[in-house]
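What follows is entry12.txt (compact mmCIF, C-alpha atoms).
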```
# COMPACT_ATOMS: atom_id res chain seq x y z
CA ALA A 1 113.68 -299.76 29.14
CA ILE A 2 112.06 -296.33 29.47
CA LEU A 3 110.35 -296.59 32.87
CA PRO A 4 113.60 -296.50 34.90
CA LEU A 5 114.98 -293.96 32.43
CA ALA A 6 111.96 -291.73 33.02
CA GLU A 7 112.43 -291.98 36.79
CA TRP A 8 116.15 -291.25 36.49
CA LYS A 9 115.78 -288.26 34.14
CA GLY A 10 112.45 -286.94 35.41
CA VAL A 11 110.65 -287.50 32.10
CA GLY A 12 107.01 -286.34 32.22
CA GLY A 13 104.01 -288.59 31.61
CA ARG A 14 103.18 -287.22 28.17
CA GLU A 15 106.79 -287.62 27.02
CA LEU A 16 106.91 -291.11 28.51
CA ILE A 17 103.85 -292.19 26.53
CA ALA A 18 105.23 -290.72 23.32
CA ALA A 19 108.52 -292.57 23.85
CA PHE A 20 106.72 -295.84 24.54
CA VAL A 21 104.53 -295.53 21.45
CA LEU A 22 107.56 -294.76 19.28
CA GLY A 23 109.48 -297.76 20.58
CA PHE A 24 106.46 -299.99 20.12
CA GLU A 25 105.96 -298.73 16.56
CA VAL A 26 109.59 -299.33 15.62
CA GLU A 27 109.51 -302.86 17.00
CA SER A 28 106.17 -303.77 15.46
CA ARG A 29 106.98 -302.44 12.01
CA ILE A 30 110.28 -304.30 11.87
CA SER A 31 108.64 -307.43 13.26
CA ARG A 32 105.80 -307.27 10.74
CA ILE A 33 108.37 -308.00 8.03
CA LEU A 34 111.16 -309.83 9.85
CA GLY A 35 109.36 -311.54 12.72
CA LYS A 36 108.45 -314.84 11.07
CA PRO A 37 111.70 -315.13 9.06
CA LEU A 38 113.66 -314.59 12.27
CA ILE A 39 111.67 -317.28 14.08
CA ASP A 40 112.15 -319.67 11.14
CA ALA A 41 115.91 -319.04 11.41
CA CYS A 42 115.76 -319.71 15.18
CA PHE A 43 116.31 -316.11 16.25
CA HIS A 44 114.07 -314.72 19.00
CA PRO A 45 112.37 -311.48 17.85
CA THR A 46 112.04 -310.19 21.42
CA GLY A 47 115.77 -310.25 21.95
CA THR A 48 116.70 -309.07 18.49
CA ILE A 49 114.05 -306.60 17.29
CA GLY A 50 113.31 -305.59 20.87
CA THR A 51 116.74 -303.98 21.08
CA PHE A 52 115.77 -301.52 18.34
CA ALA A 53 112.53 -300.73 20.17
CA ALA A 54 114.34 -299.98 23.41
CA ALA A 55 116.88 -297.75 21.65
CA ALA A 56 114.19 -295.80 19.82
CA GLY A 57 112.00 -295.36 22.89
CA ALA A 58 114.88 -294.42 25.16
CA GLY A 59 116.29 -292.10 22.53
CA LYS A 60 112.95 -290.32 22.25
CA ALA A 61 112.71 -289.98 26.04
CA LEU A 62 116.24 -288.55 26.15
CA GLY A 63 115.45 -286.03 23.42
CA LEU A 64 118.11 -287.25 21.02
CA THR A 65 118.56 -285.45 17.72
CA ARG A 66 117.74 -287.21 14.44
CA GLN A 67 121.43 -288.01 13.88
CA GLN A 68 121.91 -289.28 17.42
CA LEU A 69 118.85 -291.51 17.08
CA ILE A 70 120.27 -292.97 13.87
CA HIS A 71 123.48 -293.82 15.73
CA ALA A 72 121.46 -295.34 18.59
CA ILE A 73 119.68 -297.61 16.10
CA GLY A 74 123.08 -298.57 14.67
CA MET A 75 124.40 -299.50 18.10
CA ALA A 76 121.20 -301.41 18.88
CA GLY A 77 121.59 -303.57 15.80
CA THR A 78 125.12 -304.60 16.55
CA GLN A 79 124.01 -305.73 20.05
CA ALA A 80 120.78 -307.47 19.01
CA ALA A 81 120.79 -311.14 20.03
CA GLY A 82 118.62 -314.02 21.20
CA LEU A 83 118.16 -317.62 20.06
CA ILE A 84 115.05 -319.80 20.26
CA GLU A 85 117.24 -322.56 21.67
CA SER A 86 116.93 -320.67 24.97
CA PHE A 87 113.15 -321.21 25.13
CA GLY A 88 112.18 -323.14 28.22
CA SER A 89 115.05 -321.73 30.28
CA MET A 90 115.60 -318.56 32.29
CA SER A 91 117.50 -317.18 29.31
CA LYS A 92 114.31 -316.72 27.30
CA PRO A 93 112.96 -313.84 29.45
CA PHE A 94 116.58 -312.74 29.84
CA HIS A 95 116.38 -311.81 26.15
CA ALA A 96 113.78 -309.16 26.97
CA GLY A 97 115.90 -307.75 29.77
CA LYS A 98 118.99 -307.65 27.58
CA ALA A 99 117.06 -305.97 24.76
CA ALA A 100 116.00 -303.25 27.20
CA MET A 101 119.50 -302.94 28.63
CA ASN A 102 121.27 -302.82 25.28
CA GLY A 103 118.79 -300.42 23.71
CA LEU A 104 119.03 -298.09 26.70
CA LEU A 105 122.83 -298.24 26.58
CA ALA A 106 122.76 -297.41 22.87
CA ALA A 107 120.57 -294.35 23.44
CA ILE A 108 122.68 -293.07 26.35
CA LEU A 109 125.92 -293.52 24.39
CA ALA A 110 124.45 -291.80 21.33
CA GLY A 111 123.53 -288.84 23.49
CA GLU A 112 127.20 -288.63 24.53
CA GLY A 113 128.44 -288.58 20.93
CA PHE A 114 129.11 -292.30 20.45
CA THR A 115 128.50 -293.42 16.87
CA GLY A 116 127.11 -296.49 15.15
CA SER A 117 126.31 -297.59 11.63
CA GLU A 118 123.90 -295.27 9.82
CA GLN A 119 122.53 -298.16 7.74
CA MET A 120 122.21 -300.90 10.32
CA LEU A 121 118.73 -302.07 9.36
CA ASP A 122 118.78 -302.22 5.59
CA SER A 123 122.33 -302.32 4.20
CA GLU A 124 123.81 -305.43 2.59
CA ARG A 125 125.77 -306.04 5.78
CA GLY A 126 122.99 -304.91 8.09
CA PHE A 127 120.55 -306.62 10.40
CA ALA A 128 117.85 -307.75 7.96
CA GLN A 129 120.15 -309.03 5.23
CA VAL A 130 122.69 -310.77 7.45
CA LEU A 131 120.23 -312.58 9.68
CA VAL A 132 117.43 -313.52 7.27
CA LYS A 133 118.27 -312.19 3.78
CA GLN A 134 115.17 -310.00 3.81
CA ASP A 135 114.56 -306.46 2.58
CA LEU A 136 112.43 -303.97 4.49
CA ARG A 137 110.34 -302.49 1.70
CA GLY A 138 106.95 -301.42 2.97
CA ILE A 139 108.14 -300.82 6.52
CA THR A 140 107.08 -297.15 6.45
CA GLY A 141 103.66 -297.64 4.85
CA GLY A 142 101.07 -295.61 6.76
CA LEU A 143 103.75 -294.25 9.08
CA GLY A 144 102.33 -291.51 11.31
CA ARG A 145 98.74 -292.41 10.40
CA GLU A 146 98.40 -296.06 11.38
CA TYR A 147 99.73 -297.16 14.76
CA GLU A 148 100.50 -300.81 15.46
CA ILE A 149 99.93 -300.39 19.19
CA VAL A 150 96.15 -300.31 18.66
CA ASN A 151 96.37 -303.81 17.15
CA ASN A 152 98.07 -305.29 20.20
CA SER A 153 96.61 -307.34 23.04
CA TYR A 154 97.76 -308.94 26.26
CA LYS A 155 98.51 -312.64 26.56
CA PRO A 156 95.60 -314.40 28.30
CA TYR A 157 97.84 -317.27 29.44
CA PRO A 158 101.38 -317.31 30.94
CA SER A 159 102.76 -319.52 28.16
CA CYS A 160 104.18 -319.16 24.68
CA GLY A 161 101.79 -317.15 22.49
CA ALA A 162 101.81 -319.91 19.89
CA THR A 163 99.95 -322.18 22.35
CA HIS A 164 97.05 -319.81 23.00
CA ALA A 165 94.65 -320.66 20.18
CA ALA A 166 94.77 -324.36 21.06
CA ILE A 167 94.33 -323.58 24.76
CA ASP A 168 91.26 -321.49 23.92
CA ALA A 169 89.85 -324.43 21.98
CA MET A 170 90.57 -326.90 24.78
CA LEU A 171 88.91 -324.73 27.43
CA GLU A 172 85.87 -324.14 25.22
CA ILE A 173 85.46 -327.88 24.56
CA ARG A 174 85.82 -328.58 28.27
CA ARG A 175 83.13 -326.01 29.15
CA LYS A 176 80.75 -326.95 26.35
CA TYR A 177 80.74 -330.68 27.08
CA ALA A 178 81.53 -330.61 30.83
CA LEU A 179 84.54 -332.71 29.90
CA GLN A 180 86.88 -334.15 32.53
CA ALA A 181 90.45 -335.30 31.97
CA SER A 182 89.57 -338.79 33.16
CA GLN A 183 87.25 -339.18 30.15
CA VAL A 184 89.98 -338.41 27.60
CA ARG A 185 92.30 -341.04 26.18
CA GLU A 186 94.00 -338.95 23.50
CA VAL A 187 94.09 -335.37 22.21
CA SER A 188 94.66 -334.57 18.54
CA CYS A 189 95.45 -330.97 17.65
CA LYS A 190 96.20 -329.36 14.29
CA VAL A 191 98.45 -326.31 14.54
CA CYS A 192 100.60 -324.15 12.30
CA PRO A 193 104.28 -325.15 11.85
CA VAL A 194 105.49 -322.22 13.96
CA THR A 195 103.72 -323.68 16.99
CA ILE A 196 105.66 -326.93 16.70
CA HIS A 197 108.85 -324.96 16.09
CA VAL A 198 108.66 -322.80 19.21
CA ALA A 199 106.32 -324.75 21.52
CA GLY A 200 106.98 -328.36 20.63
CA LYS A 201 108.73 -329.59 23.77
CA SER A 202 107.29 -333.08 24.21
CA GLN A 203 108.70 -333.97 27.63
CA PRO A 204 109.01 -330.80 29.71
CA LYS A 205 110.90 -331.27 32.94
CA THR A 206 110.41 -327.79 34.46
CA GLY A 207 107.72 -325.14 34.63
CA LEU A 208 109.69 -322.97 32.21
CA GLU A 209 109.82 -325.80 29.68
CA GLY A 210 106.10 -326.37 30.20
CA LYS A 211 105.41 -322.87 28.86
CA PHE A 212 106.88 -324.06 25.55
CA SER A 213 105.13 -327.43 25.48
CA LEU A 214 101.76 -327.42 23.74
CA LYS A 215 101.20 -330.92 25.08
CA PHE A 216 101.61 -329.80 28.67
CA CYS A 217 99.54 -326.64 28.17
CA LEU A 218 96.61 -328.59 26.72
CA ALA A 219 96.84 -331.30 29.37
CA ALA A 220 96.88 -328.69 32.14
CA ALA A 221 93.97 -326.75 30.60
CA LEU A 222 91.95 -329.95 30.32
CA THR A 223 92.79 -331.05 33.86
CA TYR A 224 92.24 -327.74 35.67
CA GLY A 225 89.83 -325.83 33.43
CA GLU A 226 92.22 -322.86 33.43
CA LEU A 227 95.86 -322.11 32.71
CA THR A 228 97.24 -319.75 35.34
CA ILE A 229 100.79 -319.10 36.50
CA ASP A 230 100.55 -321.61 39.38
CA LYS A 231 100.10 -324.43 36.86
CA PHE A 232 103.74 -323.91 35.86
CA THR A 233 105.29 -324.28 39.30
```
Any chance you could put this one into structure tokens?
Amino acid sequence: AILPLAEWKGVGGRELIAAFVLGFEVESRISRILGKPLIDACFHPTGTIGTFAAAAGAGKALGLTRQQLIHAIGMAGTQAAGLIESFGSMSKPFHAGKAAMNGLLAAILAGEGFTGSEQMLDSERGFAQVLVKQDLRGITGGLGREYEIVNNSYKPYPSCGATHAAIDAMLEIRRKYALQASQVREVSCKVCPVTIHVAGKSQPKTGLEGKFSLKFCLAAALTYGELTIDKFT
């Protein structure tokens, strides 16, 4: 959201980093409380919470006032969308693009005087309560002292994050025992319920569906000894 904004408005590097960190912090703190409940309710956190992140980061880069930023957050919440049903289709990454687009739009409109709800996140009719009946107590704990961005990491595989622990295990077993796919009759894998919920496609027909199929990911890792983007073509 903020890279094209920075190019457009001539935002400096230091300001760009500050905007990115703010957006990341907003998203991570909301997700720390609402992430799993949203997934359980079949909402995609990237598309939903990501909209708030984009609005906050873009708003910071644009130099919005406190009141304008509040309105940007309000507009972000009323645009936040994304359903897990889209996983395995082009619409899943589309959620990320729409989150960026909608958050950026919210920040630009707020800068022009457009208004939104001032209690979008935590009111009885706001984002957290309407979608997952959850309060946001604790969201500001350590704010300004502890930064969630230092706890982040990159995905090592181009598949759903919920598949990664099992892929790690498969690759380690393959290396340790010089195992080949032809020697394996069956694979048994114990995973948390969320993995089945978001990556349980049993008969993927496309590469995009394969990213959300633990069965395919493990079979590919066992067969090739790696799981790179070309394995999903």
- Task: List the neighbours of range 34-42 of chain A out to 12 Å using only C-alpha atoms; skip same-chain residues closer than 6 positions along the sequence, and give me the result as a ChimeraX atom specification.
- Result: /A:27-28,48-50,81-87,121-122,127-139,162,193-199
Keeping only C-alpha atoms, write the selected residues to a file as an mmCIF file, in the frame of the given file.
```cif
data_model
loop_
_atom_site.group_PDB
_atom_site.id
_atom_site.type_symbol
_atom_site.label_atom_id
_atom_site.label_comp_id
_atom_site.auth_asym_id
_atom_site.auth_seq_id
_atom_site.Cartn_x
_atom_site.Cartn_y
_atom_site.Cartn_z
ATOM 1 C CA GLU A 27 109.510 -302.860 17.000
ATOM 2 C CA SER A 28 106.170 -303.770 15.460
ATOM 3 C CA THR A 48 116.700 -309.070 18.490
ATOM 4 C CA ILE A 49 114.050 -306.600 17.290
ATOM 5 C CA GLY A 50 113.310 -305.590 20.870
ATOM 6 C CA ALA A 81 120.790 -311.140 20.030
ATOM 7 C CA GLY A 82 118.620 -314.020 21.200
ATOM 8 C CA LEU A 83 118.160 -317.620 20.060
ATOM 9 C CA ILE A 84 115.050 -319.800 20.260
ATOM 10 C CA GLU A 85 117.240 -322.560 21.670
ATOM 11 C CA SER A 86 116.930 -320.670 24.970
ATOM 12 C CA PHE A 87 113.150 -321.210 25.130
ATOM 13 C CA LEU A 121 118.730 -302.070 9.360
ATOM 14 C CA ASP A 122 118.780 -302.220 5.590
ATOM 15 C CA PHE A 127 120.550 -306.620 10.400
ATOM 16 C CA ALA A 128 117.850 -307.750 7.960
ATOM 17 C CA GLN A 129 120.150 -309.030 5.230
ATOM 18 C CA VAL A 130 122.690 -310.770 7.450
ATOM 19 C CA LEU A 131 120.230 -312.580 9.680
ATOM 20 C CA VAL A 132 117.430 -313.520 7.270
ATOM 21 C CA LYS A 133 118.270 -312.190 3.780
ATOM 22 C CA GLN A 134 115.170 -310.000 3.810
ATOM 23 C CA ASP A 135 114.560 -306.460 2.580
ATOM 24 C CA LEU A 136 112.430 -303.970 4.490
ATOM 25 C CA ARG A 137 110.340 -302.490 1.700
ATOM 26 C CA GLY A 138 106.950 -301.420 2.970
ATOM 27 C CA ILE A 139 108.140 -300.820 6.520
ATOM 28 C CA ALA A 162 101.810 -319.910 19.890
ATOM 29 C CA PRO A 193 104.280 -325.150 11.850
ATOM 30 C CA VAL A 194 105.490 -322.220 13.960
ATOM 31 C CA THR A 195 103.720 -323.680 16.990
ATOM 32 C CA ILE A 196 105.660 -326.930 16.700
ATOM 33 C CA HIS A 197 108.850 -324.960 16.090
ATOM 34 C CA VAL A 198 108.660 -322.800 19.210
ATOM 35 C CA ALA A 199 106.320 -324.750 21.520
#
```
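Shortest atom-to-atom contact with Gly225 in chain A among A:Gln203, A:Gln180, A:Ser213, A:Gln119: A:Gln180, counting only C-alpha atoms.
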- Query: Quick one: distance from CA of Ala80 in chain A to CA of Asn102 in chain A in Å, one decimal?
  - Reply: 7.8 Å
- Task: Kindly give the distance, in Å, that separates CA of Leu222 in chain A and CA of Tyr154 in chain A, rounded to a single decimal.
- Result: 22.2 Å
- Query: How many Å separate CA of Leu227 in chain A from CA of Glu186 in chain A?
  - Reply: 19.3 Å
- For a cut-off of 7 Å around (122.5, -290.2, 21.6), file coordinates, pick out all residues using all atoms listed in the file and list them as a ChimeraX atom specification. /A:59,64,68-69,71-72,107-113
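Using only C-alpha atoms for every distance, the candidate list A:Ala165, A:Leu208, A:Ala6, A:Ala181 yields A:Ala181 as the residue closest to Ala220 in chain A.
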